[in-house]
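Coordinates from data.cif are shown below (mmCIF, N, CA and C atoms).
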data_start
loop_
_atom_site.label_atom_id
_atom_site.label_comp_id
_atom_site.auth_asym_id
_atom_site.auth_seq_id
_atom_site.Cartn_x
_atom_site.Cartn_y
_atom_site.Cartn_z
N MET D 1 0.19 2.02 -21.40
CA MET D 1 1.21 3.02 -21.11
C MET D 1 1.80 3.57 -22.40
N ASN D 2 1.94 2.71 -23.39
CA ASN D 2 2.51 3.11 -24.67
C ASN D 2 1.66 4.21 -25.32
N ARG D 3 0.35 4.07 -25.24
CA ARG D 3 -0.55 5.06 -25.84
C ARG D 3 -0.46 6.40 -25.12
N LEU D 4 -0.29 6.37 -23.81
CA LEU D 4 -0.16 7.63 -23.06
C LEU D 4 1.10 8.38 -23.47
N TRP D 5 2.19 7.65 -23.66
CA TRP D 5 3.43 8.28 -24.09
C TRP D 5 3.28 8.87 -25.50
N LYS D 6 2.62 8.13 -26.38
CA LYS D 6 2.41 8.64 -27.74
C LYS D 6 1.49 9.85 -27.73
N LEU D 7 0.49 9.84 -26.88
CA LEU D 7 -0.40 10.99 -26.74
C LEU D 7 0.36 12.19 -26.19
N TYR D 8 1.20 11.95 -25.19
CA TYR D 8 2.03 13.04 -24.64
C TYR D 8 2.93 13.62 -25.72
N PHE D 9 3.57 12.76 -26.50
CA PHE D 9 4.44 13.22 -27.57
C PHE D 9 3.66 14.06 -28.58
N LEU D 10 2.50 13.59 -28.97
CA LEU D 10 1.68 14.30 -29.95
C LEU D 10 1.22 15.65 -29.42
N ILE D 11 0.76 15.71 -28.18
CA ILE D 11 0.32 16.99 -27.60
C ILE D 11 1.50 17.95 -27.47
N PHE D 12 2.64 17.46 -27.01
CA PHE D 12 3.83 18.30 -26.88
C PHE D 12 4.27 18.82 -28.24
N LEU D 13 4.19 17.97 -29.25
CA LEU D 13 4.56 18.37 -30.61
C LEU D 13 3.61 19.44 -31.14
N ILE D 14 2.31 19.26 -30.94
CA ILE D 14 1.33 20.23 -31.42
C ILE D 14 1.52 21.58 -30.73
N PHE D 15 1.69 21.57 -29.41
CA PHE D 15 1.92 22.83 -28.70
C PHE D 15 3.22 23.50 -29.14
N GLY D 16 4.24 22.71 -29.36
CA GLY D 16 5.51 23.28 -29.81
C GLY D 16 5.42 23.90 -31.19
N ILE D 17 4.79 23.21 -32.11
CA ILE D 17 4.62 23.74 -33.47
C ILE D 17 3.73 24.98 -33.44
N HIS D 18 2.68 24.95 -32.61
CA HIS D 18 1.81 26.12 -32.47
C HIS D 18 2.60 27.33 -31.97
N SER D 19 3.45 27.12 -30.98
CA SER D 19 4.26 28.22 -30.45
C SER D 19 5.22 28.77 -31.51
N ILE D 20 5.81 27.89 -32.29
CA ILE D 20 6.74 28.33 -33.34
C ILE D 20 5.99 29.13 -34.40
N ILE D 21 4.84 28.64 -34.83
CA ILE D 21 4.06 29.36 -35.84
C ILE D 21 3.60 30.71 -35.29
N LYS D 22 3.15 30.74 -34.03
CA LYS D 22 2.72 31.99 -33.42
C LYS D 22 3.88 32.98 -33.36
N PHE D 23 5.06 32.49 -33.03
CA PHE D 23 6.24 33.35 -32.98
C PHE D 23 6.56 33.90 -34.37
N LEU D 24 6.52 33.06 -35.39
CA LEU D 24 6.86 33.50 -36.74
C LEU D 24 5.84 34.49 -37.30
N VAL D 25 4.57 34.31 -36.97
CA VAL D 25 3.53 35.19 -37.49
C VAL D 25 3.54 36.54 -36.79
N ARG D 26 3.72 36.56 -35.48
CA ARG D 26 3.63 37.80 -34.71
C ARG D 26 4.91 38.59 -34.63
N SER D 27 6.02 37.95 -34.80
CA SER D 27 7.30 38.61 -34.55
C SER D 27 7.81 39.34 -35.78
N GLU D 28 8.17 40.60 -35.57
CA GLU D 28 8.80 41.37 -36.64
C GLU D 28 10.31 41.15 -36.64
N THR D 29 10.86 40.94 -35.48
CA THR D 29 12.29 40.71 -35.35
C THR D 29 12.53 39.39 -34.62
N VAL D 30 13.66 38.81 -34.87
CA VAL D 30 14.03 37.57 -34.20
C VAL D 30 14.69 37.93 -32.87
N GLU D 31 14.07 37.52 -31.80
CA GLU D 31 14.63 37.78 -30.48
C GLU D 31 15.41 36.56 -30.02
N ALA D 32 16.47 36.80 -29.27
CA ALA D 32 17.33 35.71 -28.81
C ALA D 32 16.58 34.73 -27.91
N ILE D 33 15.70 35.24 -27.07
CA ILE D 33 15.00 34.36 -26.14
C ILE D 33 14.04 33.44 -26.89
N ASN D 34 13.42 33.91 -27.96
CA ASN D 34 12.53 33.06 -28.75
C ASN D 34 13.31 32.01 -29.52
N PHE D 35 14.50 32.38 -29.99
CA PHE D 35 15.36 31.40 -30.65
C PHE D 35 15.79 30.33 -29.66
N LEU D 36 16.07 30.74 -28.43
CA LEU D 36 16.44 29.79 -27.38
C LEU D 36 15.28 28.85 -27.07
N ASN D 37 14.05 29.37 -27.08
CA ASN D 37 12.87 28.52 -26.88
C ASN D 37 12.73 27.49 -27.99
N PHE D 38 13.01 27.88 -29.22
CA PHE D 38 12.94 26.95 -30.35
C PHE D 38 13.97 25.83 -30.19
N ILE D 39 15.19 26.19 -29.86
CA ILE D 39 16.25 25.20 -29.66
C ILE D 39 15.88 24.26 -28.50
N THR D 40 15.36 24.83 -27.42
CA THR D 40 14.95 24.02 -26.28
C THR D 40 13.84 23.04 -26.66
N PHE D 41 12.90 23.50 -27.47
CA PHE D 41 11.82 22.61 -27.93
C PHE D 41 12.40 21.44 -28.71
N ILE D 42 13.30 21.71 -29.63
CA ILE D 42 13.92 20.63 -30.42
C ILE D 42 14.69 19.67 -29.51
N LEU D 43 15.42 20.23 -28.54
CA LEU D 43 16.20 19.38 -27.64
C LEU D 43 15.32 18.52 -26.75
N TYR D 44 14.13 18.99 -26.40
CA TYR D 44 13.27 18.23 -25.51
C TYR D 44 12.29 17.32 -26.26
N ILE D 45 11.96 17.62 -27.49
CA ILE D 45 11.05 16.74 -28.23
C ILE D 45 11.80 15.51 -28.76
N THR D 46 13.08 15.66 -29.04
CA THR D 46 13.87 14.57 -29.60
C THR D 46 13.96 13.37 -28.66
N PRO D 47 14.28 13.54 -27.37
CA PRO D 47 14.33 12.34 -26.52
C PRO D 47 12.97 11.67 -26.33
N VAL D 48 11.91 12.46 -26.31
CA VAL D 48 10.58 11.85 -26.18
C VAL D 48 10.28 11.02 -27.43
N TYR D 49 10.61 11.56 -28.60
CA TYR D 49 10.43 10.81 -29.85
C TYR D 49 11.25 9.52 -29.82
N CYS D 50 12.52 9.63 -29.44
CA CYS D 50 13.39 8.45 -29.40
C CYS D 50 12.87 7.41 -28.42
N TYR D 51 12.39 7.86 -27.29
CA TYR D 51 11.89 6.93 -26.28
C TYR D 51 10.60 6.25 -26.73
N VAL D 52 9.68 7.03 -27.26
CA VAL D 52 8.37 6.49 -27.63
C VAL D 52 8.47 5.56 -28.84
N TYR D 53 9.27 5.93 -29.83
CA TYR D 53 9.34 5.15 -31.07
C TYR D 53 10.59 4.28 -31.18
N ASN D 54 11.26 4.04 -30.06
CA ASN D 54 12.40 3.12 -29.97
C ASN D 54 13.49 3.43 -30.98
N ARG D 55 13.88 4.67 -31.07
CA ARG D 55 14.95 5.10 -31.98
C ARG D 55 16.20 5.43 -31.16
N LYS D 56 17.32 4.97 -31.63
CA LYS D 56 18.58 5.28 -30.95
C LYS D 56 19.37 6.22 -31.86
N LEU D 57 19.21 7.51 -31.61
CA LEU D 57 19.91 8.51 -32.42
C LEU D 57 21.33 8.76 -31.94
N ILE D 58 21.49 8.76 -30.61
CA ILE D 58 22.81 9.01 -30.04
C ILE D 58 23.04 8.00 -28.91
N SER D 59 24.26 7.95 -28.43
CA SER D 59 24.60 6.95 -27.42
C SER D 59 24.00 7.30 -26.06
N SER D 60 23.94 6.29 -25.22
CA SER D 60 23.37 6.49 -23.88
C SER D 60 24.23 7.43 -23.04
N ASN D 61 25.53 7.49 -23.31
CA ASN D 61 26.40 8.41 -22.57
C ASN D 61 26.02 9.86 -22.83
N ILE D 62 25.69 10.17 -24.07
CA ILE D 62 25.29 11.54 -24.40
C ILE D 62 23.95 11.86 -23.77
N TRP D 63 23.01 10.90 -23.76
CA TRP D 63 21.73 11.12 -23.08
C TRP D 63 21.96 11.34 -21.59
N SER D 64 22.90 10.63 -21.01
CA SER D 64 23.19 10.80 -19.60
C SER D 64 23.71 12.22 -19.32
N TRP D 65 24.65 12.68 -20.13
CA TRP D 65 25.15 14.05 -19.98
C TRP D 65 24.03 15.07 -20.19
N PHE D 66 23.21 14.83 -21.19
CA PHE D 66 22.10 15.74 -21.46
C PHE D 66 21.12 15.78 -20.30
N PHE D 67 20.89 14.65 -19.66
CA PHE D 67 19.99 14.59 -18.51
C PHE D 67 20.52 15.48 -17.38
N TYR D 68 21.79 15.31 -17.03
CA TYR D 68 22.35 16.08 -15.92
C TYR D 68 22.45 17.57 -16.25
N ILE D 69 22.82 17.89 -17.48
CA ILE D 69 22.88 19.30 -17.88
C ILE D 69 21.48 19.91 -17.87
N SER D 70 20.50 19.18 -18.33
CA SER D 70 19.13 19.66 -18.36
C SER D 70 18.59 19.90 -16.96
N ILE D 71 18.84 18.98 -16.06
CA ILE D 71 18.40 19.15 -14.67
C ILE D 71 19.10 20.37 -14.04
N ALA D 72 20.41 20.49 -14.24
CA ALA D 72 21.14 21.62 -13.68
C ALA D 72 20.64 22.95 -14.26
N PHE D 73 20.40 22.98 -15.56
CA PHE D 73 19.90 24.20 -16.20
C PHE D 73 18.53 24.58 -15.63
N ASN D 74 17.65 23.62 -15.48
CA ASN D 74 16.31 23.92 -14.98
C ASN D 74 16.32 24.34 -13.51
N ILE D 75 17.15 23.71 -12.70
CA ILE D 75 17.25 24.12 -11.29
C ILE D 75 17.82 25.52 -11.19
N SER D 76 18.86 25.82 -11.96
CA SER D 76 19.45 27.16 -11.89
C SER D 76 18.49 28.21 -12.44
N PHE D 77 17.71 27.87 -13.46
CA PHE D 77 16.73 28.82 -13.99
C PHE D 77 15.67 29.12 -12.93
N PHE D 78 15.18 28.07 -12.28
CA PHE D 78 14.18 28.25 -11.23
C PHE D 78 14.76 29.08 -10.08
N ALA D 79 15.96 28.72 -9.65
CA ALA D 79 16.58 29.43 -8.53
C ALA D 79 16.88 30.88 -8.86
N SER D 80 17.25 31.16 -10.10
CA SER D 80 17.58 32.54 -10.46
C SER D 80 16.35 33.42 -10.55
N ASN D 81 15.19 32.83 -10.73
CA ASN D 81 13.98 33.63 -10.87
C ASN D 81 13.11 33.67 -9.62
N PHE D 82 13.23 32.69 -8.75
CA PHE D 82 12.29 32.61 -7.63
C PHE D 82 12.94 32.48 -6.26
N THR D 83 14.24 32.68 -6.16
CA THR D 83 14.89 32.63 -4.86
C THR D 83 15.83 33.81 -4.72
N PHE D 84 16.39 33.95 -3.54
CA PHE D 84 17.35 35.01 -3.29
C PHE D 84 18.67 34.79 -4.03
N LEU D 85 18.87 33.61 -4.59
CA LEU D 85 20.11 33.29 -5.30
C LEU D 85 20.16 33.90 -6.69
N GLY D 86 19.11 34.59 -7.10
CA GLY D 86 19.00 35.12 -8.45
C GLY D 86 20.14 36.01 -8.88
N ASP D 87 20.73 36.74 -7.94
CA ASP D 87 21.82 37.64 -8.29
C ASP D 87 23.15 36.91 -8.43
N TYR D 88 23.22 35.66 -8.02
CA TYR D 88 24.49 34.93 -8.00
C TYR D 88 24.58 33.82 -9.04
N ILE D 89 23.51 33.61 -9.78
CA ILE D 89 23.48 32.50 -10.74
C ILE D 89 23.63 33.05 -12.14
N PHE D 90 24.34 32.34 -12.99
CA PHE D 90 24.65 32.83 -14.33
C PHE D 90 23.42 33.06 -15.20
N LEU D 91 22.31 32.45 -14.89
CA LEU D 91 21.10 32.63 -15.69
C LEU D 91 20.25 33.80 -15.21
N SER D 92 20.78 34.64 -14.34
CA SER D 92 19.97 35.71 -13.78
C SER D 92 19.58 36.75 -14.83
N THR D 93 20.19 36.71 -16.01
CA THR D 93 19.80 37.65 -17.07
C THR D 93 18.52 37.20 -17.77
N ILE D 94 18.17 35.92 -17.67
CA ILE D 94 16.93 35.42 -18.26
C ILE D 94 15.89 35.43 -17.15
N LYS D 95 15.11 36.48 -17.10
CA LYS D 95 14.15 36.65 -16.02
C LYS D 95 12.73 36.41 -16.52
N VAL D 96 11.90 35.96 -15.64
CA VAL D 96 10.48 35.89 -15.92
C VAL D 96 9.78 36.82 -14.94
N ASP D 97 8.56 37.19 -15.26
CA ASP D 97 7.78 38.04 -14.38
C ASP D 97 7.43 37.26 -13.13
N ARG D 98 7.87 37.73 -11.97
CA ARG D 98 7.68 36.98 -10.73
C ARG D 98 6.26 37.09 -10.18
N ARG D 99 5.47 38.00 -10.66
CA ARG D 99 4.12 38.21 -10.12
C ARG D 99 3.18 37.12 -10.65
N GLY D 100 2.95 36.11 -9.84
CA GLY D 100 1.99 35.08 -10.18
C GLY D 100 2.50 34.00 -11.11
N ASN D 101 3.74 34.08 -11.54
CA ASN D 101 4.24 33.08 -12.47
C ASN D 101 4.87 31.87 -11.79
N LEU D 102 4.97 31.87 -10.49
CA LEU D 102 5.53 30.71 -9.80
C LEU D 102 4.68 29.48 -10.07
N LEU D 103 3.37 29.62 -9.99
CA LEU D 103 2.48 28.50 -10.28
C LEU D 103 2.63 28.04 -11.72
N SER D 104 2.77 28.97 -12.63
CA SER D 104 2.95 28.63 -14.04
C SER D 104 4.25 27.86 -14.26
N VAL D 105 5.31 28.29 -13.63
CA VAL D 105 6.60 27.61 -13.78
C VAL D 105 6.55 26.22 -13.15
N LEU D 106 5.93 26.10 -11.99
CA LEU D 106 5.81 24.78 -11.35
C LEU D 106 4.97 23.84 -12.20
N LEU D 107 3.90 24.34 -12.79
CA LEU D 107 3.08 23.51 -13.68
C LEU D 107 3.88 23.08 -14.91
N THR D 108 4.70 23.97 -15.42
CA THR D 108 5.55 23.63 -16.56
C THR D 108 6.50 22.48 -16.20
N TYR D 109 7.09 22.54 -15.00
CA TYR D 109 7.99 21.46 -14.59
C TYR D 109 7.24 20.14 -14.42
N VAL D 110 6.01 20.20 -13.94
CA VAL D 110 5.22 18.97 -13.82
C VAL D 110 4.94 18.40 -15.21
N LEU D 111 4.63 19.27 -16.17
CA LEU D 111 4.37 18.81 -17.52
C LEU D 111 5.63 18.33 -18.23
N PHE D 112 6.80 18.85 -17.80
CA PHE D 112 8.06 18.43 -18.39
C PHE D 112 8.62 17.17 -17.72
N LEU D 113 8.04 16.74 -16.63
CA LEU D 113 8.54 15.56 -15.93
C LEU D 113 8.65 14.33 -16.83
N PRO D 114 7.68 14.04 -17.71
CA PRO D 114 7.87 12.90 -18.62
C PRO D 114 9.08 13.04 -19.54
N ILE D 115 9.44 14.27 -19.88
CA ILE D 115 10.63 14.47 -20.72
C ILE D 115 11.87 14.04 -19.95
N PHE D 116 11.96 14.45 -18.69
CA PHE D 116 13.12 14.06 -17.89
C PHE D 116 13.15 12.55 -17.67
N ILE D 117 11.98 11.94 -17.52
CA ILE D 117 11.91 10.48 -17.38
C ILE D 117 12.40 9.81 -18.66
N ALA D 118 11.98 10.32 -19.81
CA ALA D 118 12.41 9.75 -21.09
C ALA D 118 13.92 9.89 -21.27
N ILE D 119 14.46 11.05 -20.95
CA ILE D 119 15.91 11.25 -21.08
C ILE D 119 16.66 10.30 -20.15
N TYR D 120 16.18 10.17 -18.92
CA TYR D 120 16.84 9.27 -17.97
C TYR D 120 16.81 7.83 -18.47
N ARG D 121 15.67 7.39 -18.95
CA ARG D 121 15.57 6.01 -19.44
C ARG D 121 16.42 5.79 -20.68
N LEU D 122 16.52 6.79 -21.54
CA LEU D 122 17.41 6.67 -22.70
C LEU D 122 18.87 6.58 -22.26
N SER D 123 19.20 7.27 -21.18
CA SER D 123 20.58 7.21 -20.69
C SER D 123 20.92 5.83 -20.13
N LYS D 124 19.90 5.06 -19.78
CA LYS D 124 20.10 3.70 -19.29
C LYS D 124 19.80 2.65 -20.37
N ASN D 125 19.65 3.09 -21.63
CA ASN D 125 19.35 2.21 -22.77
C ASN D 125 18.04 1.46 -22.59
N ARG D 126 17.08 2.09 -21.95
CA ARG D 126 15.75 1.50 -21.80
C ARG D 126 14.79 2.26 -22.71
N PHE D 127 14.10 1.53 -23.53
CA PHE D 127 13.11 2.12 -24.43
C PHE D 127 11.72 1.66 -24.04
N LEU D 128 10.73 2.39 -24.53
CA LEU D 128 9.35 2.01 -24.28
C LEU D 128 9.03 0.75 -25.08
N LYS D 129 8.40 -0.19 -24.47
CA LYS D 129 8.10 -1.45 -25.15
C LYS D 129 6.67 -1.46 -25.62
#

Produce C-alpha coordinates that represent the structure in this file.
Amino acid sequence: MNRLWKLYFLIFLIFGIHSIIKFLVRSETVEAINFLNFITFILYITPVYCYVYNRKLISSNIWSWFFYISIAFNISFFASNFTFLGDYIFLSTIKVDRRGNLLSVLLTYVLFLPIFIAIYRLSKNRFLK
(Lines of atoms letter the chains of each structure in order from A and count residues from 1; the text may use other names and numbers.)
(Lines give C-alpha, C1' and ligand atoms only; values in the text may rest on other atoms or scores of the structure.)
Protein backbone atom coordinates (compact mmCIF):
# COMPACT_ATOMS: atom_id res chain seq x y z
CA MET A 1 0.00 0.00 0.00
CA ASN A 2 2.88 2.33 0.80
CA ARG A 3 4.24 2.02 -2.74
CA LEU A 4 0.86 2.81 -4.28
CA TRP A 5 0.64 6.01 -2.25
CA LYS A 6 4.16 7.00 -3.25
CA LEU A 7 3.35 6.26 -6.89
CA TYR A 8 0.17 8.34 -6.63
CA PHE A 9 2.15 11.21 -5.11
CA LEU A 10 4.79 11.01 -7.84
CA ILE A 11 2.24 10.90 -10.68
CA PHE A 12 0.25 13.77 -9.16
CA LEU A 13 3.45 15.78 -8.75
CA ILE A 14 4.56 15.15 -12.34
CA PHE A 15 1.16 16.12 -13.76
CA GLY A 16 1.07 19.23 -11.59
CA ILE A 17 4.54 20.37 -12.58
CA HIS A 18 3.72 19.64 -16.23
CA SER A 19 0.60 21.81 -15.99
CA ILE A 20 2.54 24.65 -14.38
CA ILE A 21 5.28 24.53 -17.02
CA LYS A 22 2.67 24.37 -19.80
CA PHE A 23 0.92 27.39 -18.31
CA LEU A 24 4.16 29.38 -18.03
CA VAL A 25 5.29 28.55 -21.58
CA ARG A 26 1.97 29.19 -23.34
CA SER A 27 0.58 32.07 -21.35
CA GLU A 28 1.31 35.65 -22.30
CA THR A 29 -0.65 37.02 -19.37
CA VAL A 30 -1.29 35.71 -15.90
CA GLU A 31 -4.93 34.77 -15.58
CA ALA A 32 -6.62 34.58 -12.19
CA ILE A 33 -8.05 31.12 -12.83
CA ASN A 34 -4.61 29.69 -13.66
CA PHE A 35 -3.17 31.25 -10.51
CA LEU A 36 -6.01 29.64 -8.57
CA ASN A 37 -5.14 26.28 -10.15
CA PHE A 38 -1.52 26.69 -9.02
CA ILE A 39 -2.57 27.48 -5.45
CA THR A 40 -4.98 24.53 -5.47
CA PHE A 41 -2.20 22.22 -6.67
CA ILE A 42 0.07 23.32 -3.82
CA LEU A 43 -2.76 22.94 -1.29
CA TYR A 44 -3.58 19.42 -2.50
CA ILE A 45 -0.06 18.07 -3.02
CA THR A 46 1.04 19.10 0.49
CA PRO A 47 -1.28 16.76 2.44
CA VAL A 48 -0.42 13.84 0.17
CA TYR A 49 3.28 14.52 0.78
CA CYS A 50 2.73 14.79 4.53
CA TYR A 51 0.70 11.60 4.61
CA VAL A 52 3.04 9.52 2.45
CA TYR A 53 6.31 10.66 4.04
CA ASN A 54 5.03 10.96 7.65
CA ARG A 55 5.62 14.70 7.99
CA LYS A 56 3.63 16.80 10.41
CA LEU A 57 3.69 20.33 9.01
CA ILE A 58 0.57 21.62 10.71
CA SER A 59 -1.74 20.45 13.47
CA SER A 60 -4.53 17.95 12.97
CA ASN A 61 -7.11 20.66 13.73
CA ILE A 62 -6.00 22.65 10.70
CA TRP A 63 -6.12 19.51 8.53
CA SER A 64 -9.64 18.90 9.82
CA TRP A 65 -10.75 22.42 8.86
CA PHE A 66 -9.02 22.07 5.50
CA PHE A 67 -10.83 18.77 4.88
CA TYR A 68 -14.27 20.26 5.50
CA ILE A 69 -13.54 23.45 3.55
CA SER A 70 -12.16 21.38 0.66
CA ILE A 71 -15.22 19.13 0.56
CA ALA A 72 -17.58 22.12 0.72
CA PHE A 73 -15.65 23.94 -2.02
CA ASN A 74 -15.71 20.92 -4.32
CA ILE A 75 -19.41 20.21 -3.76
CA SER A 76 -20.33 23.84 -4.41
CA PHE A 77 -18.13 23.93 -7.52
CA PHE A 78 -19.80 20.80 -8.86
CA ALA A 79 -23.27 22.06 -7.99
CA SER A 80 -22.65 25.48 -9.54
CA ASN A 81 -21.60 23.95 -12.84
CA PHE A 82 -23.82 20.91 -13.26
CA THR A 83 -27.09 21.55 -11.42
CA PHE A 84 -29.88 24.08 -11.39
CA LEU A 85 -28.30 25.59 -8.25
CA GLY A 86 -25.62 27.27 -10.37
CA ASP A 87 -27.26 30.68 -10.20
CA TYR A 88 -27.49 30.60 -6.40
CA ILE A 89 -24.01 29.46 -5.39
CA PHE A 90 -21.12 31.86 -4.85
CA LEU A 91 -18.84 29.92 -7.21
CA SER A 92 -21.16 30.39 -10.18
CA THR A 93 -18.64 32.81 -11.72
CA ILE A 94 -16.13 29.96 -12.14
CA LYS A 95 -17.77 28.03 -14.95
CA VAL A 96 -16.64 25.08 -16.96
CA ASP A 97 -17.92 24.07 -20.37
CA ARG A 98 -20.95 21.88 -19.64
CA ARG A 99 -20.87 20.07 -23.00
CA GLY A 100 -19.35 16.70 -22.26
CA ASN A 101 -17.30 17.81 -19.27
CA LEU A 102 -19.43 16.09 -16.65
CA LEU A 103 -17.53 12.86 -17.20
CA SER A 104 -14.24 14.73 -17.01
CA VAL A 105 -15.19 16.39 -13.73
CA LEU A 106 -16.41 13.10 -12.23
CA LEU A 107 -13.15 11.41 -13.26
CA THR A 108 -11.22 14.24 -11.65
CA TYR A 109 -13.09 13.69 -8.37
CA VAL A 110 -12.32 9.97 -8.52
CA LEU A 111 -8.64 10.77 -9.04
CA PHE A 112 -8.76 13.30 -6.19
CA LEU A 113 -10.33 10.81 -3.78
CA PRO A 114 -6.92 9.73 -2.38
CA ILE A 115 -6.20 13.39 -1.60
CA PHE A 116 -9.37 13.65 0.47
CA ILE A 117 -8.48 10.36 2.19
CA ALA A 118 -5.00 11.69 3.02
CA ILE A 119 -6.40 14.96 4.39
CA TYR A 120 -8.95 13.08 6.50
CA ARG A 121 -6.33 10.74 7.92
CA LEU A 122 -4.03 13.67 8.70
CA SER A 123 -6.90 15.31 10.55
CA LYS A 124 -7.05 12.19 12.74
CA ASN A 125 -3.23 12.12 13.24
CA ARG A 126 -2.93 8.91 11.24
CA PHE A 127 0.03 8.60 8.93
CA LEU A 128 0.96 5.99 6.37
CA LYS A 129 3.08 3.29 7.96

Subject >> Contact residues around region 16-20 of chain D with all atoms listed in the file at 8 Å, ignoring same-chain residues under 4 positions, as an NGL selection string >> reply: :D and (10-12 or 24-26 or 38 or 41-42)

Original post:
Out of D:Phe116, D:Phe23, D:Tyr53, D:Trp65, which residue has the shortest atom-to-atom distance to Lys6 (chain D) when counting all atoms listed in the file?
Top reply: D:Tyr53

**OP:** Return the single residue from D:Pro114, D:Ile58, D:Ile69, D:Leu128 that is closest to Asn2 (chain D), with distances computed using all atoms listed in the file.
**Re:**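 Checking each candidate against Asn2 (chain D), we get D:Leu128 as the closest.
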
Subject >> Interatomic distance, CA of Phe77 (chain D) to CA of Phe112 (chain D) (Å, one decimal) >> reply: 14.2 Å

Subject >> Residues of region 23-62 of chain D in helix (DSSP H, G or I), written as a list in words >> reply: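 Those residues are Phe23, Leu24, Val25, Arg26, Ala32, Ile33, Asn34, Phe35, Leu36, Asn37, Phe38, Ile39, Thr40, Phe41, Ile42, Leu43, Tyr44, Ile45, Thr46, Pro47, Val48, Tyr49, Cys50, Tyr51, Val52, Ser60, Asn61 and Ile62 of chain D.
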
**OP:** For Ser70 (chain D), work out the shell of residues within 10 Å, counting only C-alpha atoms and skipping chain neighbours fewer than 5 positions away, then give it as a PyMOL selection string.
**Re:** chain D and resi 40+43-44+64-65+75-76+116+119

**OP:** Could you tell me how far atom C of Phe35 (chain D) lies from atom C of Ile62 (chain D), in Å and to one decimal?
**Re:**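 Pair atom C of Phe35 (chain D) / atom C of Ile62 (chain D) returns 21.0 Å.
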
Original post:
Could you pull the residues within 10 Å of Asn125 (chain D), counting only C-alpha atoms, minus those fewer than 4 positions along the same chain, as a list in words?
Top reply: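 Skipping anything fewer than 4 positions along the chain leaves Tyr51, Lys56, Ser59, Ser60, Asn61, Trp63, Ser64, Ile119, Tyr120 and Arg121 of chain D.
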
Prev. selection, N, CA and C atoms, output as an mmCIF file, in the coordinates of the input:
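Output (again-v2.cif):
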data_model
loop_
_atom_site.group_PDB
_atom_site.id
_atom_site.type_symbol
_atom_site.label_atom_id
_atom_site.label_comp_id
_atom_site.auth_asym_id
_atom_site.auth_seq_id
_atom_site.Cartn_x
_atom_site.Cartn_y
_atom_site.Cartn_z
ATOM 1 N N TYR D 51 12.390 7.860 -27.290
ATOM 2 C CA TYR D 51 11.890 6.930 -26.280
ATOM 3 C C TYR D 51 10.600 6.250 -26.730
ATOM 4 N N LYS D 56 17.320 4.970 -31.630
ATOM 5 C CA LYS D 56 18.580 5.280 -30.950
ATOM 6 C C LYS D 56 19.370 6.220 -31.860
ATOM 7 N N SER D 59 24.260 7.950 -28.430
ATOM 8 C CA SER D 59 24.600 6.950 -27.420
ATOM 9 C C SER D 59 24.000 7.300 -26.060
ATOM 10 N N SER D 60 23.940 6.290 -25.220
ATOM 11 C CA SER D 60 23.370 6.490 -23.880
ATOM 12 C C SER D 60 24.230 7.430 -23.040
ATOM 13 N N ASN D 61 25.530 7.490 -23.310
ATOM 14 C CA ASN D 61 26.400 8.410 -22.570
ATOM 15 C C ASN D 61 26.020 9.860 -22.830
ATOM 16 N N TRP D 63 23.010 10.900 -23.760
ATOM 17 C CA TRP D 63 21.730 11.120 -23.080
ATOM 18 C C TRP D 63 21.960 11.340 -21.590
ATOM 19 N N SER D 64 22.900 10.630 -21.010
ATOM 20 C CA SER D 64 23.190 10.800 -19.600
ATOM 21 C C SER D 64 23.710 12.220 -19.320
ATOM 22 N N ILE D 119 14.460 11.050 -20.950
ATOM 23 C CA ILE D 119 15.910 11.250 -21.080
ATOM 24 C C ILE D 119 16.660 10.300 -20.150
ATOM 25 N N TYR D 120 16.180 10.170 -18.920
ATOM 26 C CA TYR D 120 16.840 9.270 -17.970
ATOM 27 C C TYR D 120 16.810 7.830 -18.470
ATOM 28 N N ARG D 121 15.670 7.390 -18.950
ATOM 29 C CA ARG D 121 15.570 6.010 -19.440
ATOM 30 C C ARG D 121 16.420 5.790 -20.680
#

Could you tell me which residues the PyMOL selection byres ((chain D and resi 52) around 8) grabs in this file, written as a CSV table (one decimal) with N, CA and C atoms, keeping the file's coordinate frame?
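Done, and the output landed in out17.csv:
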chain,number,residue,atom,x,y,z
D,2,ASN,N,1.9,2.7,-23.4
D,2,ASN,CA,2.5,3.1,-24.7
D,2,ASN,C,1.7,4.2,-25.3
D,5,TRP,N,2.2,7.6,-23.7
D,5,TRP,CA,3.4,8.3,-24.1
D,5,TRP,C,3.3,8.9,-25.5
D,6,LYS,N,2.6,8.1,-26.4
D,6,LYS,CA,2.4,8.6,-27.7
D,6,LYS,C,1.5,9.8,-27.7
D,9,PHE,N,3.6,12.8,-26.5
D,9,PHE,CA,4.4,13.2,-27.6
D,9,PHE,C,3.7,14.1,-28.6
D,46,THR,N,13.1,15.7,-29.0
D,46,THR,CA,13.9,14.6,-29.6
D,46,THR,C,14.0,13.4,-28.7
D,47,PRO,N,14.3,13.5,-27.4
D,47,PRO,CA,14.3,12.3,-26.5
D,47,PRO,C,13.0,11.7,-26.3
D,48,VAL,N,11.9,12.5,-26.3
D,48,VAL,CA,10.6,11.8,-26.2
D,48,VAL,C,10.3,11.0,-27.4
D,49,TYR,N,10.6,11.6,-28.6
D,49,TYR,CA,10.4,10.8,-29.8
D,49,TYR,C,11.2,9.5,-29.8
D,50,CYS,N,12.5,9.6,-29.4
D,50,CYS,CA,13.4,8.4,-29.4
D,50,CYS,C,12.9,7.4,-28.4
D,51,TYR,N,12.4,7.9,-27.3
D,51,TYR,CA,11.9,6.9,-26.3
D,51,TYR,C,10.6,6.2,-26.7
D,53,TYR,N,9.3,5.9,-29.8
D,53,TYR,CA,9.3,5.2,-31.1
D,53,TYR,C,10.6,4.3,-31.2
D,54,ASN,N,11.3,4.0,-30.1
D,54,ASN,CA,12.4,3.1,-30.0
D,54,ASN,C,13.5,3.4,-31.0
D,55,ARG,N,13.9,4.7,-31.1
D,55,ARG,CA,15.0,5.1,-32.0
D,55,ARG,C,16.2,5.4,-31.2
D,118,ALA,N,12.0,10.3,-19.8
D,118,ALA,CA,12.4,9.8,-21.1
D,118,ALA,C,13.9,9.9,-21.3
D,127,PHE,N,14.1,1.5,-23.5
D,127,PHE,CA,13.1,2.1,-24.4
D,127,PHE,C,11.7,1.7,-24.0
D,128,LEU,N,10.7,2.4,-24.5
D,128,LEU,CA,9.4,2.0,-24.3
D,128,LEU,C,9.0,0.8,-25.1
D,129,LYS,N,8.4,-0.2,-24.5
D,129,LYS,CA,8.1,-1.4,-25.2
D,129,LYS,C,6.7,-1.5,-25.6

**OP:** Measure the distance from CA of Leu7 (chain D) to CA of Ala72 (chain D) in Å and round it to one decimal.
**Re:** 27.3 Å
